file target-v9.txt (compact mmCIF, C-alpha atoms)
# COMPACT_ATOMS: atom_id res chain seq x y z
CA MET B 1 6.88 8.76 -13.67
CA ILE B 2 8.53 10.65 -10.84
CA HIS B 3 6.39 8.78 -8.29
CA MET B 4 6.84 5.34 -9.84
CA HIS B 5 8.96 3.92 -7.01
CA VAL B 6 6.35 4.73 -4.37
CA THR B 7 3.33 3.65 -6.37
CA LYS B 8 4.97 0.37 -7.36
CA ALA B 9 5.62 -0.39 -3.71
CA LEU B 10 1.95 -0.02 -2.83
CA SER B 11 0.28 -1.42 -5.94
CA GLY B 12 -2.56 -3.69 -4.95
CA VAL B 13 -2.35 -2.76 -1.27
CA ALA B 14 -5.66 -2.46 0.55
CA THR B 15 -5.72 0.46 2.98
CA CYS B 16 -8.15 2.00 5.40
CA ILE B 17 -6.35 5.35 5.47
CA PRO B 18 -8.63 7.84 3.73
CA ARG B 19 -7.30 8.09 0.17
CA HIS B 20 -7.06 11.89 0.25
CA ARG B 21 -4.70 11.60 3.25
CA LEU B 22 -2.55 8.73 2.05
CA THR B 23 -2.07 10.06 -1.46
CA ARG B 24 -1.06 13.50 -0.20
CA CYS B 25 2.22 12.01 1.03
CA LEU B 26 2.90 10.87 -2.54
CA CYS B 27 2.45 14.34 -4.06
CA SER B 28 5.63 16.30 -4.71
CA THR B 29 4.27 19.64 -5.87
CA ALA B 30 0.82 19.98 -4.33
CA GLU B 31 0.00 23.41 -2.91
CA GLN B 32 0.53 23.39 0.84
CA HIS B 33 -1.74 24.86 3.46
CA VAL B 34 0.55 26.37 6.10
CA VAL B 35 -0.48 26.21 9.74
CA PRO B 36 1.57 27.16 12.81
CA VAL B 37 3.83 24.55 14.33
CA PRO B 38 3.84 24.41 18.14
CA GLU B 39 6.97 25.67 19.84
CA LEU B 40 9.31 22.83 20.75
CA ALA B 41 12.15 22.70 23.21
CA LYS B 42 15.31 23.35 21.24
CA PRO B 43 17.82 20.47 21.45
CA PRO B 44 21.57 21.12 21.49
CA LEU B 45 22.82 21.98 18.00
CA HIS B 46 24.87 19.22 16.43
CA LYS B 47 28.18 19.13 14.65
CA PRO B 48 27.63 18.93 10.87
CA VAL B 49 28.73 15.65 9.31
CA MET B 50 31.82 15.57 7.07
CA LEU B 51 32.24 19.35 7.26
CA LYS B 52 35.85 19.35 6.07
CA GLU B 53 35.08 17.08 3.11
CA VAL B 54 31.97 19.09 2.18
CA LEU B 55 33.93 22.34 2.02
CA GLU B 56 36.77 20.76 0.04
CA ASN B 57 34.36 19.42 -2.58
CA LEU B 58 31.95 22.37 -2.70
CA ASP B 59 34.92 24.77 -2.79
CA PRO B 60 32.84 27.94 -2.20
CA LYS B 61 34.26 31.18 -3.63
CA ARG B 62 33.82 34.80 -2.55
CA GLY B 63 30.70 36.32 -4.09
CA GLY B 64 29.27 33.02 -5.32
CA ILE B 65 25.66 31.85 -5.21
CA TYR B 66 24.97 28.62 -3.34
CA ILE B 67 22.06 26.50 -2.12
CA ASP B 68 21.99 24.44 1.06
CA MET B 69 19.11 22.07 0.31
CA THR B 70 18.79 20.88 3.92
CA PHE B 71 19.50 23.81 6.22
CA GLY B 72 18.77 21.91 9.46
CA ALA B 73 20.59 23.81 12.19
CA GLY B 74 22.79 25.76 9.77
CA GLY B 75 26.15 24.20 10.56
CA HIS B 76 27.29 23.92 6.95
CA ILE B 77 26.01 27.36 5.93
CA LYS B 78 28.00 29.15 8.64
CA GLU B 79 31.18 27.60 7.28
CA ILE B 80 30.28 28.46 3.69
CA PHE B 81 29.99 32.13 4.67
CA GLU B 82 33.30 31.95 6.56
CA HIS B 83 35.06 30.49 3.51
CA ALA B 84 33.26 32.58 0.90
CA PRO B 85 32.47 36.11 2.13
CA GLU B 86 29.95 38.19 0.16
CA SER B 87 28.29 35.04 -1.14
CA ILE B 88 24.54 34.56 -1.40
CA VAL B 89 23.29 31.31 0.16
CA PHE B 90 19.74 30.04 -0.20
CA ALA B 91 18.75 27.96 2.83
CA LEU B 92 16.06 25.45 1.86
CA ASP B 93 14.27 23.29 4.41
CA ARG B 94 10.81 21.74 4.56
CA ASP B 95 10.76 21.98 8.38
CA PRO B 96 9.28 25.24 9.74
CA GLU B 97 11.41 24.90 12.87
CA ALA B 98 14.59 24.87 10.77
CA ILE B 99 13.41 27.96 8.90
CA ARG B 100 12.94 29.74 12.22
CA LEU B 101 16.61 29.05 12.93
CA ALA B 102 17.54 30.24 9.43
CA LYS B 103 15.71 33.52 9.99
CA ASP B 104 17.59 33.99 13.26
CA LEU B 105 20.88 33.34 11.45
CA GLU B 106 19.86 35.81 8.76
CA LYS B 107 20.40 38.56 11.34
CA THR B 108 24.10 37.64 11.34
CA TYR B 109 24.48 36.81 7.64
CA ASP B 110 22.40 39.26 5.63
CA ARG B 111 23.04 37.36 2.38
CA LEU B 112 21.32 34.27 3.74
CA ILE B 113 17.91 33.71 2.13
CA PRO B 114 15.64 31.18 3.93
CA LEU B 115 13.27 29.12 1.74
CA LEU B 116 10.51 27.02 3.31
CA GLY B 117 9.72 24.08 1.07
CA LYS B 118 10.58 20.62 -0.21
CA PHE B 119 13.16 19.67 -2.84
CA SER B 120 10.39 19.37 -5.44
CA GLU B 121 9.30 22.95 -4.73
CA LEU B 122 12.77 24.48 -5.16
CA HIS B 123 12.22 25.71 -8.72
CA MET B 124 9.10 27.67 -7.70
CA LEU B 125 10.86 29.18 -4.67
CA LEU B 126 13.87 30.24 -6.74
CA ASP B 127 11.58 31.70 -9.41
CA GLU B 128 9.96 33.82 -6.72
CA LYS B 129 13.41 35.18 -5.82
CA GLY B 130 14.15 36.09 -9.44
CA MET B 131 16.68 33.31 -10.01
CA LYS B 132 17.09 31.88 -13.49
CA GLU B 133 18.48 28.58 -14.68
CA ASN B 134 22.30 28.24 -14.97
CA GLN B 135 22.98 30.82 -12.22
CA ILE B 136 23.99 28.74 -9.17
CA ASP B 137 27.66 28.06 -8.39
CA GLY B 138 27.19 25.16 -5.98
CA VAL B 139 24.61 23.04 -4.18
CA LEU B 140 24.86 20.97 -1.02
CA LEU B 141 22.44 18.14 -0.20
CA ASP B 142 22.88 16.71 3.29
CA VAL B 143 20.10 14.18 2.80
CA GLY B 144 17.76 12.58 5.33
CA VAL B 145 16.49 13.48 8.77
CA SER B 146 18.36 16.17 10.70
CA SER B 147 19.91 15.69 14.12
CA MET B 148 17.60 18.43 15.37
CA GLN B 149 14.59 16.33 14.32
CA PHE B 150 16.06 13.15 15.81
CA ASP B 151 16.76 14.86 19.12
CA THR B 152 13.25 16.28 19.57
CA ALA B 153 11.03 13.56 21.07
CA GLU B 154 7.84 15.39 20.03
CA ARG B 155 8.72 14.90 16.35
CA GLY B 156 8.57 11.11 16.67
CA PHE B 157 11.62 10.18 14.59
CA ALA B 158 13.61 8.23 17.20
CA PHE B 159 12.75 5.33 19.49
CA SER B 160 15.48 6.35 21.93
CA ARG B 161 13.11 9.08 23.21
CA ASP B 162 9.45 8.26 23.65
CA GLY B 163 7.15 10.57 21.73
CA PRO B 164 4.14 10.62 19.41
CA LEU B 165 4.59 8.49 16.30
CA ASP B 166 4.68 11.40 13.85
CA MET B 167 7.80 11.54 11.60
CA ARG B 168 6.56 14.37 9.36
CA MET B 169 9.54 16.51 8.36
CA ASP B 170 7.15 19.34 7.46
CA GLY B 171 5.76 19.45 11.00
CA ASN B 172 2.05 20.09 10.66
CA ARG B 173 2.22 22.69 7.89
CA ASP B 174 0.40 20.19 5.67
CA PRO B 175 -2.44 18.81 7.81
CA GLN B 176 -3.41 16.37 5.04
CA GLN B 177 -0.09 14.52 5.23
CA PRO B 178 -0.47 11.22 7.14
CA THR B 179 1.66 10.54 10.19
CA ALA B 180 3.61 7.38 10.86
CA ALA B 181 0.94 6.46 13.41
CA GLU B 182 -1.73 6.53 10.70
CA VAL B 183 0.40 4.32 8.47
CA VAL B 184 1.01 1.63 11.11
CA ASN B 185 -2.59 1.71 12.37
CA TYR B 186 -4.48 1.65 9.07
CA LEU B 187 -2.39 -0.08 6.41
CA ASP B 188 -2.99 -3.81 6.10
CA GLU B 189 -0.29 -6.39 6.75
CA GLN B 190 0.69 -6.71 3.10
CA GLY B 191 1.08 -2.96 2.70
CA LEU B 192 3.21 -2.63 5.83
CA CYS B 193 5.37 -5.53 4.69
CA LYS B 194 6.01 -3.88 1.31
CA ILE B 195 6.97 -0.56 2.91
CA LEU B 196 9.38 -2.20 5.37
CA ARG B 197 10.96 -4.33 2.68
CA LYS B 198 11.29 -1.58 0.05
CA TYR B 199 12.26 1.43 2.16
CA GLY B 200 13.93 -0.28 5.11
CA GLU B 201 15.51 -3.17 3.20
CA GLU B 202 14.21 -5.21 6.12
CA ASN B 203 14.45 -8.99 5.67
CA MET B 204 12.17 -9.46 8.70
CA ALA B 205 9.44 -7.34 7.13
CA LYS B 206 6.78 -10.05 7.18
CA PRO B 207 6.99 -10.99 10.89
CA ILE B 208 7.27 -7.31 11.87
CA ALA B 209 4.18 -6.38 9.84
CA HIS B 210 2.33 -9.33 11.38
CA ALA B 211 3.33 -8.25 14.89
CA ILE B 212 2.09 -4.69 14.24
CA VAL B 213 -1.29 -5.84 12.90
CA ASP B 214 -1.69 -8.46 15.64
CA THR B 215 -0.95 -5.90 18.36
CA ARG B 216 -3.40 -3.29 17.13
CA LYS B 217 -6.14 -5.95 16.82
CA SER B 218 -5.51 -7.40 20.27
CA PHE B 219 -4.93 -4.17 22.16
CA ASP B 220 -5.30 -0.68 20.74
CA LYS B 221 -3.75 1.77 18.30
CA ILE B 222 0.02 2.20 18.28
CA MET B 223 0.66 5.84 19.10
CA THR B 224 4.22 6.26 20.43
CA THR B 225 7.73 5.57 19.21
CA GLN B 226 8.65 3.25 22.07
CA GLN B 227 5.43 1.27 21.65
CA LEU B 228 6.37 0.60 18.05
CA ALA B 229 9.99 -0.21 18.93
CA GLU B 230 8.83 -2.79 21.49
CA ILE B 231 6.44 -4.38 18.97
CA VAL B 232 9.22 -4.63 16.37
CA SER B 233 11.53 -6.15 18.98
CA SER B 234 8.94 -8.85 19.71
CA ALA B 235 9.50 -10.21 16.20
CA PHE B 236 13.18 -10.86 16.96
CA ASP B 237 15.02 -13.16 19.35
CA THR B 238 17.23 -10.23 20.37
CA SER B 239 16.97 -6.44 20.57
CA LYS B 240 20.33 -6.01 18.79
CA ARG B 241 21.56 -6.92 15.34
CA ARG B 242 24.57 -6.04 13.17
CA ASP B 243 24.44 -3.58 10.31
CA LYS B 244 26.25 -4.01 6.97
CA LEU B 245 29.51 -2.92 8.59
CA SER B 246 29.05 -5.35 11.53
CA ARG B 247 28.22 -2.54 13.95
CA PRO B 248 25.58 -3.07 16.66
CA SER B 249 22.17 -1.70 15.68
CA HIS B 250 18.71 -1.78 17.27
CA VAL B 251 16.29 -4.12 15.50
CA ALA B 252 13.74 -1.29 15.03
CA THR B 253 16.15 0.96 13.10
CA LYS B 254 15.14 -0.23 9.63
CA THR B 255 11.43 -0.10 10.45
CA PHE B 256 11.69 3.53 11.57
CA GLN B 257 13.73 4.36 8.46
CA ALA B 258 11.13 2.77 6.18
CA LEU B 259 8.19 4.58 7.77
CA ARG B 260 10.01 7.93 7.72
CA ILE B 261 10.93 7.58 4.03
CA PHE B 262 7.37 6.64 3.12
CA VAL B 263 5.66 9.36 5.18
CA ASN B 264 7.91 12.07 3.71
CA ASN B 265 8.14 10.66 0.17
CA GLU B 266 11.90 11.09 0.56
CA LEU B 267 13.19 9.14 -2.43
CA ASN B 268 10.94 10.87 -4.94
CA GLU B 269 11.84 14.20 -3.35
CA LEU B 270 15.55 13.46 -3.74
CA ASN B 271 15.07 12.35 -7.34
CA ASN B 272 13.10 15.51 -8.17
CA GLY B 273 15.53 17.71 -6.27
CA LEU B 274 18.58 16.49 -8.18
CA SER B 275 16.82 17.16 -11.49
CA ILE B 276 15.91 20.71 -10.43
CA VAL B 277 19.41 21.36 -9.09
CA HIS B 278 20.91 20.44 -12.45
CA ARG B 279 18.75 23.04 -14.20
CA PHE B 280 19.82 25.88 -11.91
CA LEU B 281 23.53 25.10 -11.64
CA LYS B 282 25.95 26.88 -13.95
CA PRO B 283 27.95 24.68 -16.32
CA GLY B 284 30.81 23.54 -14.11
CA GLY B 285 28.75 24.21 -10.97
CA ARG B 286 29.25 21.72 -8.18
CA CYS B 287 26.72 19.44 -6.51
CA VAL B 288 27.83 17.80 -3.25
CA ALA B 289 25.56 15.09 -1.85
CA VAL B 290 25.92 13.48 1.58
CA THR B 291 23.73 10.40 2.05
CA PHE B 292 23.14 8.09 4.99
CA HIS B 293 21.73 4.87 3.55
CA SER B 294 22.00 2.85 0.36
CA LEU B 295 18.64 3.92 -1.12
CA GLU B 296 19.62 7.59 -1.07
CA ASP B 297 23.13 6.88 -2.31
CA ARG B 298 21.79 4.76 -5.17
CA ILE B 299 19.65 7.66 -6.44
CA VAL B 300 22.53 10.14 -6.24
CA LYS B 301 24.92 7.73 -7.95
CA ARG B 302 22.46 7.03 -10.76
CA HIS B 303 21.89 10.75 -11.38
CA PHE B 304 25.61 11.52 -11.42
CA LYS B 305 26.42 8.54 -13.68
CA GLY B 306 23.49 9.09 -16.02
CA ILE B 307 21.79 5.76 -15.28
CA ASP B 308 18.02 5.54 -15.84
CA MET B 309 16.25 5.55 -12.46
CA ASP B 310 13.97 2.71 -13.58
CA ALA B 311 16.73 0.49 -14.99
CA GLU B 312 17.36 -2.83 -13.30
CA PHE B 313 20.30 -3.03 -10.92
CA ASN B 314 23.59 -4.57 -12.04
CA LEU B 315 22.60 -5.44 -15.61
CA SER B 316 25.14 -7.64 -17.35
CA LEU B 317 27.00 -6.32 -20.39
CA GLY B 318 24.92 -8.61 -22.58
CA SER B 319 21.71 -7.21 -21.11
CA HIS B 320 22.88 -3.67 -21.81
CA LYS B 321 23.73 -4.57 -25.41
CA HIS B 322 20.37 -6.21 -25.90
CA SER B 323 18.52 -3.22 -24.47
CA LEU B 324 20.43 -0.84 -26.74
CA ARG B 325 19.43 -2.69 -29.90
CA VAL B 326 15.72 -2.03 -29.40
CA GLN B 327 16.03 1.75 -28.97
CA ASP B 328 15.70 4.30 -31.75
CA ILE B 329 18.43 6.88 -32.39
CA GLU B 330 16.63 9.74 -30.63
CA THR B 331 16.05 7.63 -27.52
CA MET B 332 19.64 6.39 -27.56
CA ASN B 333 21.01 9.93 -27.77
CA ARG B 334 18.86 10.94 -24.81
CA ILE B 335 19.95 7.92 -22.75
CA THR B 336 23.65 8.30 -23.48
CA GLU B 337 23.78 12.09 -23.05
CA LYS B 338 25.70 12.81 -19.86
CA LYS B 339 24.50 15.66 -17.68
CA TRP B 340 27.14 15.42 -14.96
CA ASN B 341 30.89 15.00 -14.69
CA LEU B 342 31.55 12.70 -11.73
CA GLU B 343 34.49 14.52 -10.16
CA ALA B 344 35.19 12.45 -7.07
CA ARG B 345 34.87 8.85 -6.07
CA LEU B 346 32.96 7.92 -2.96
CA VAL B 347 34.26 9.84 0.08
CA LEU B 348 33.79 8.41 3.58
CA PRO B 349 34.20 10.07 7.00
CA SER B 350 37.66 10.10 8.49
CA PRO B 351 38.47 7.72 11.38
CA GLU B 352 38.82 10.80 13.60
CA GLU B 353 35.26 11.94 12.82
CA LEU B 354 33.85 8.46 13.29
CA ALA B 355 35.41 8.40 16.76
CA THR B 356 33.79 11.70 17.80
CA ASN B 357 30.56 11.93 15.79
CA ALA B 358 28.41 8.79 15.88
CA ARG B 359 25.99 10.17 13.27
CA ALA B 360 28.75 10.19 10.67
CA ARG B 361 29.10 6.43 10.70
CA SER B 362 26.77 5.81 7.73
CA ALA B 363 27.65 8.94 5.74
CA LYS B 364 28.80 8.84 2.13
CA LEU B 365 29.77 11.88 0.03
CA ARG B 366 29.67 12.16 -3.75
CA MET B 367 30.39 15.22 -5.89
CA ALA B 368 29.71 15.98 -9.53
CA THR B 369 29.82 19.07 -11.74
CA LYS B 370 27.27 20.07 -14.35
CA LYS B 371 28.38 19.48 -17.93
call {"tool": "encode", "arguments": {"input": "target-v9.txt", "output": "structure tokens"}}
result
Amino acid sequence: MIHMHVTKALSGVATCIPRHRLTRCLCSTAEQHVVPVPELAKPPLHKPVMLKEVLENLDPKRGGIYIDMTFGAGGHIKEIFEHAPESIVFALDRDPEAIRLAKDLEKTYDRLIPLLGKFSELHMLLDEKGMKENQIDGVLLDVGVSSMQFDTAERGFAFSRDGPLDMRMDGNRDPQQPTAAEVVNYLDEQGLCKILRKYGEENMAKPIAHAIVDTRKSFDKIMTTQQLAEIVSSAFDTSKRRDKLSRPSHVATKTFQALRIFVNNELNELNNGLSIVHRFLKPGGRCVAVTFHSLEDRIVKRHFKGIDMDAEFNLSLGSHKHSLRVQDIETMNRITEKKWNLEARLVLPSPEELATNARARSAKLRMATKK
């Protein structure tokens, strides 16, 4: 069930990617084979998004126990320690490069505990550290790709810097995980179209998928970020479009988002992570989630509001009433049992931050406490 969204998107899709490689990116708890990641030039560390709002909603206290689910470059964790001395903070990240930074920061903050792994592996990592359920005071999820990953051309996340078409958040610690290059070079046109439409919400998915397949047939494999960006642009009359807030955006943005989400199984990871977080939080413990696109925000909102992840969107009142009549009492009690108290409405970045931090422009913050 936890992988339903991914498997539905690819049902009936013919693929030439070896099945053992493609399906590995759909596995949330498979044992990982760790291999060294090559040293990369370190980009300038970024300013964490919505820092003031995160601290206000997380409200860390002296001596508390917290989890930063996406350590990145550690910007949020430093401020948590400043506001809550003597706290213990677990720094989770699936990127070995981020964990290297966390281990460096551990020299300054001896109560920082780095954890290398994905959201879906959090329960095993906490078990190894002797943590039990209902012990955590607060959790922060700053979801999506980190600025450090975006700014490193060798990671292949951004088309603004030419690099290999990789996009694996784990680096190469799982050599069985397919890269974005493997996805665009081996999936058929129908499969690419479904990925772009589902994970990029791209209404030009069909012509983009056709352009990708046509290019690789006529020329050669697509191996770099700028190659792919140019191919996507060829499906449009312009290289610029407007996003939902009427801001200028490159036409390849949604394609890169879709591939990244698929390669890293991001939506299933977020869904699993929120379920695990709820188990480990104390009653009244806070979960602060910062998201950067509607697919992430939808999952967070559904968890916090207690909406079934597989329910249709925007059901009418009549549809809800009809669906309730066919459920037995036990099922109804499970569906209507609330696990979270939604403590704050949607919080957006301040105008001042939007003027100085371009990466905050799509950010949304939600906070809930465990019942």
call {"tool": "closest_residue", "arguments": {"input": "target-v9.txt", "among": "B:Ile299, B:Trp340, B:Glu201, B:Lys221", "to": "Thr253 in chain B", "atoms": "all atoms listed in the file"}}
result
B:Glu201
call {"tool": "atom_distance", "arguments": {"input": "target-v9.txt", "atom1": "CA of Ala205 in chain B", "atom2": "CA of Ala235 in chain B"}}
result
9.5 Å
call {"tool": "closest_residue", "arguments": {"input": "target-v9.txt", "among": "B:Gln176, B:Ser234, B:Ala181, B:Thr356", "to": "Pro207 in chain B", "atoms": "all atoms listed in the file"}}
result
B:Ser234
call {"tool": "atom_distance", "arguments": {"input": "target-v9.txt", "atom1": "CA of Asp137 in chain B", "atom2": "CA of Ile65 in chain B"}}
result
5.3 Å
call {"tool": "residues_around", "arguments": {"input": "target-v9.txt", "residues": "range 96-102 of chain B", "least_positions_apart": "3", "cutoff": "12 Å", "atoms": "only C-alpha atoms", "output": "MDAnalysis selection string"}}
result
chainID B and resid 34:43 45 68:78 89:93 105:118 145:149 152 155 168:174
call {"tool": "closest_residue", "arguments": {"input": "target-v9.txt", "among": "B:Asn203, B:Ser249, B:Gln257, B:Thr291", "to": "Leu270 in chain B", "atoms": "all atoms listed in the file"}}
result
B:Thr291
call {"tool": "closest_residue", "arguments": {"input": "target-v9.txt", "among": "B:Gly130, B:Gly200, B:Gly144, B:Gly156", "to": "Thr255 in chain B", "atoms": "only C-alpha atoms"}}
result
B:Gly200
call {"tool": "closest_residue", "arguments": {"input": "target-v9.txt", "among": "B:Glu230, B:Glu182, B:Asp166, B:Glu296", "to": "Ala252 in chain B", "atoms": "only C-alpha atoms"}}
result
B:Glu230
call {"tool": "residues_near_point", "arguments": {"input": "target-v9.txt", "point": "(6.2, -11.7, 15.0)", "cutoff": "10 Å", "atoms": "only C-alpha atoms", "output": "NGL selection string"}}
result
:B and (204-215 or 231-237)
call {"tool": "atom_distance", "arguments": {"input": "target-v9.txt", "atom1": "CA of Val139 in chain B", "atom2": "CA of Glu352 in chain B"}}
result
25.8 Å
call {"tool": "closest_residue", "arguments": {"input": "target-v9.txt", "among": "B:Arg62, B:Glu121, B:Met223, B:Gly191", "to": "Leu274 in chain B", "atoms": "only C-alpha atoms"}}
result
B:Glu121
call {"tool": "residues_around", "arguments": {"input": "target-v9.txt", "residues": "Met131 in chain B", "least_positions_apart": "5", "cutoff": "12 Å", "atoms": "all atoms listed in the file", "output": "ChimeraX atom specification"}}
result
/B:65-67,88,90,122-126,136,279-282
call {"tool": "build_atoms", "arguments": {"input": "target-v9.txt", "residues": "range 184-204 of chain B", "atoms": "N, CA, C and O atoms", "output": "mmCIF file, in the frame of the given file"}}
result
data_model
loop_
_atom_site.group_PDB
_atom_site.id
_atom_site.type_symbol
_atom_site.label_atom_id
_atom_site.label_comp_id
_atom_site.auth_asym_id
_atom_site.auth_seq_id
_atom_site.Cartn_x
_atom_site.Cartn_y
_atom_site.Cartn_z
ATOM 1 N N VAL B 184 0.932 2.919 10.415
ATOM 2 C CA VAL B 184 1.010 1.630 11.110
ATOM 3 C C VAL B 184 -0.355 1.176 11.631
ATOM 4 O O VAL B 184 -0.570 -0.023 11.836
ATOM 5 N N ASN B 185 -1.288 2.095 11.814
ATOM 6 C CA ASN B 185 -2.590 1.710 12.370
ATOM 7 C C ASN B 185 -3.649 1.404 11.317
ATOM 8 O O ASN B 185 -4.662 0.772 11.637
ATOM 9 N N TYR B 186 -3.431 1.832 10.070
ATOM 10 C CA TYR B 186 -4.480 1.650 9.070
ATOM 11 C C TYR B 186 -4.074 0.833 7.846
ATOM 12 O O TYR B 186 -4.938 0.285 7.174
ATOM 13 N N LEU B 187 -2.792 0.772 7.534
ATOM 14 C CA LEU B 187 -2.390 -0.080 6.410
ATOM 15 C C LEU B 187 -2.542 -1.547 6.796
ATOM 16 O O LEU B 187 -2.314 -1.930 7.943
ATOM 17 N N ASP B 188 -2.880 -2.377 5.814
ATOM 18 C CA ASP B 188 -2.990 -3.810 6.100
ATOM 19 C C ASP B 188 -1.600 -4.434 6.167
ATOM 20 O O ASP B 188 -0.578 -3.782 5.915
ATOM 21 N N GLU B 189 -1.562 -5.717 6.522
ATOM 22 C CA GLU B 189 -0.290 -6.390 6.750
ATOM 23 C C GLU B 189 0.572 -6.427 5.498
ATOM 24 O O GLU B 189 1.789 -6.221 5.550
ATOM 25 N N GLN B 190 -0.057 -6.662 4.350
ATOM 26 C CA GLN B 190 0.690 -6.710 3.100
ATOM 27 C C GLN B 190 1.326 -5.363 2.764
ATOM 28 O O GLN B 190 2.473 -5.279 2.339
ATOM 29 N N GLY B 191 0.553 -4.295 2.975
ATOM 30 C CA GLY B 191 1.080 -2.960 2.700
ATOM 31 C C GLY B 191 2.238 -2.600 3.600
ATOM 32 O O GLY B 191 3.252 -2.051 3.148
ATOM 33 N N LEU B 192 2.113 -2.898 4.893
ATOM 34 C CA LEU B 192 3.210 -2.630 5.830
ATOM 35 C C LEU B 192 4.453 -3.422 5.449
ATOM 36 O O LEU B 192 5.571 -2.908 5.481
ATOM 37 N N CYS B 193 4.242 -4.681 5.076
ATOM 38 C CA CYS B 193 5.370 -5.530 4.690
ATOM 39 C C CYS B 193 6.114 -4.946 3.500
ATOM 40 O O CYS B 193 7.347 -4.902 3.477
ATOM 41 N N LYS B 194 5.378 -4.461 2.503
ATOM 42 C CA LYS B 194 6.010 -3.880 1.310
ATOM 43 C C LYS B 194 6.801 -2.628 1.653
ATOM 44 O O LYS B 194 7.904 -2.403 1.132
ATOM 45 N N ILE B 195 6.257 -1.779 2.512
ATOM 46 C CA ILE B 195 6.970 -0.560 2.910
ATOM 47 C C ILE B 195 8.257 -0.897 3.640
ATOM 48 O O ILE B 195 9.328 -0.342 3.354
ATOM 49 N N LEU B 196 8.190 -1.837 4.584
ATOM 50 C CA LEU B 196 9.380 -2.200 5.370
ATOM 51 C C LEU B 196 10.442 -2.832 4.491
ATOM 52 O O LEU B 196 11.639 -2.575 4.657
ATOM 53 N N ARG B 197 9.995 -3.644 3.548
ATOM 54 C CA ARG B 197 10.960 -4.330 2.680
ATOM 55 C C ARG B 197 11.591 -3.351 1.691
ATOM 56 O O ARG B 197 12.799 -3.393 1.446
ATOM 57 N N LYS B 198 10.784 -2.469 1.108
ATOM 58 C CA LYS B 198 11.290 -1.580 0.050
ATOM 59 C C LYS B 198 12.108 -0.432 0.611
ATOM 60 O O LYS B 198 13.182 -0.108 0.103
ATOM 61 N N TYR B 199 11.619 0.215 1.661
ATOM 62 C CA TYR B 199 12.260 1.430 2.160
ATOM 63 C C TYR B 199 13.167 1.209 3.370
ATOM 64 O O TYR B 199 13.958 2.080 3.707
ATOM 65 N N GLY B 200 13.040 0.038 4.001
ATOM 66 C CA GLY B 200 13.930 -0.280 5.110
ATOM 67 C C GLY B 200 14.903 -1.385 4.771
ATOM 68 O O GLY B 200 15.797 -1.686 5.553
ATOM 69 N N GLU B 201 14.713 -2.009 3.594
ATOM 70 C CA GLU B 201 15.510 -3.170 3.200
ATOM 71 C C GLU B 201 15.553 -4.188 4.342
ATOM 72 O O GLU B 201 16.580 -4.740 4.682
ATOM 73 N N GLU B 202 14.370 -4.399 4.923
ATOM 74 C CA GLU B 202 14.210 -5.210 6.120
ATOM 75 C C GLU B 202 13.841 -6.640 5.743
ATOM 76 O O GLU B 202 12.774 -6.893 5.189
ATOM 77 N N ASN B 203 14.744 -7.596 6.020
ATOM 78 C CA ASN B 203 14.450 -8.990 5.670
ATOM 79 C C ASN B 203 13.505 -9.660 6.656
ATOM 80 O O ASN B 203 13.065 -10.792 6.435
ATOM 81 N N MET B 204 13.168 -8.964 7.746
ATOM 82 C CA MET B 204 12.170 -9.460 8.700
ATOM 83 C C MET B 204 10.852 -8.709 8.540
ATOM 84 O O MET B 204 10.049 -8.622 9.474
#
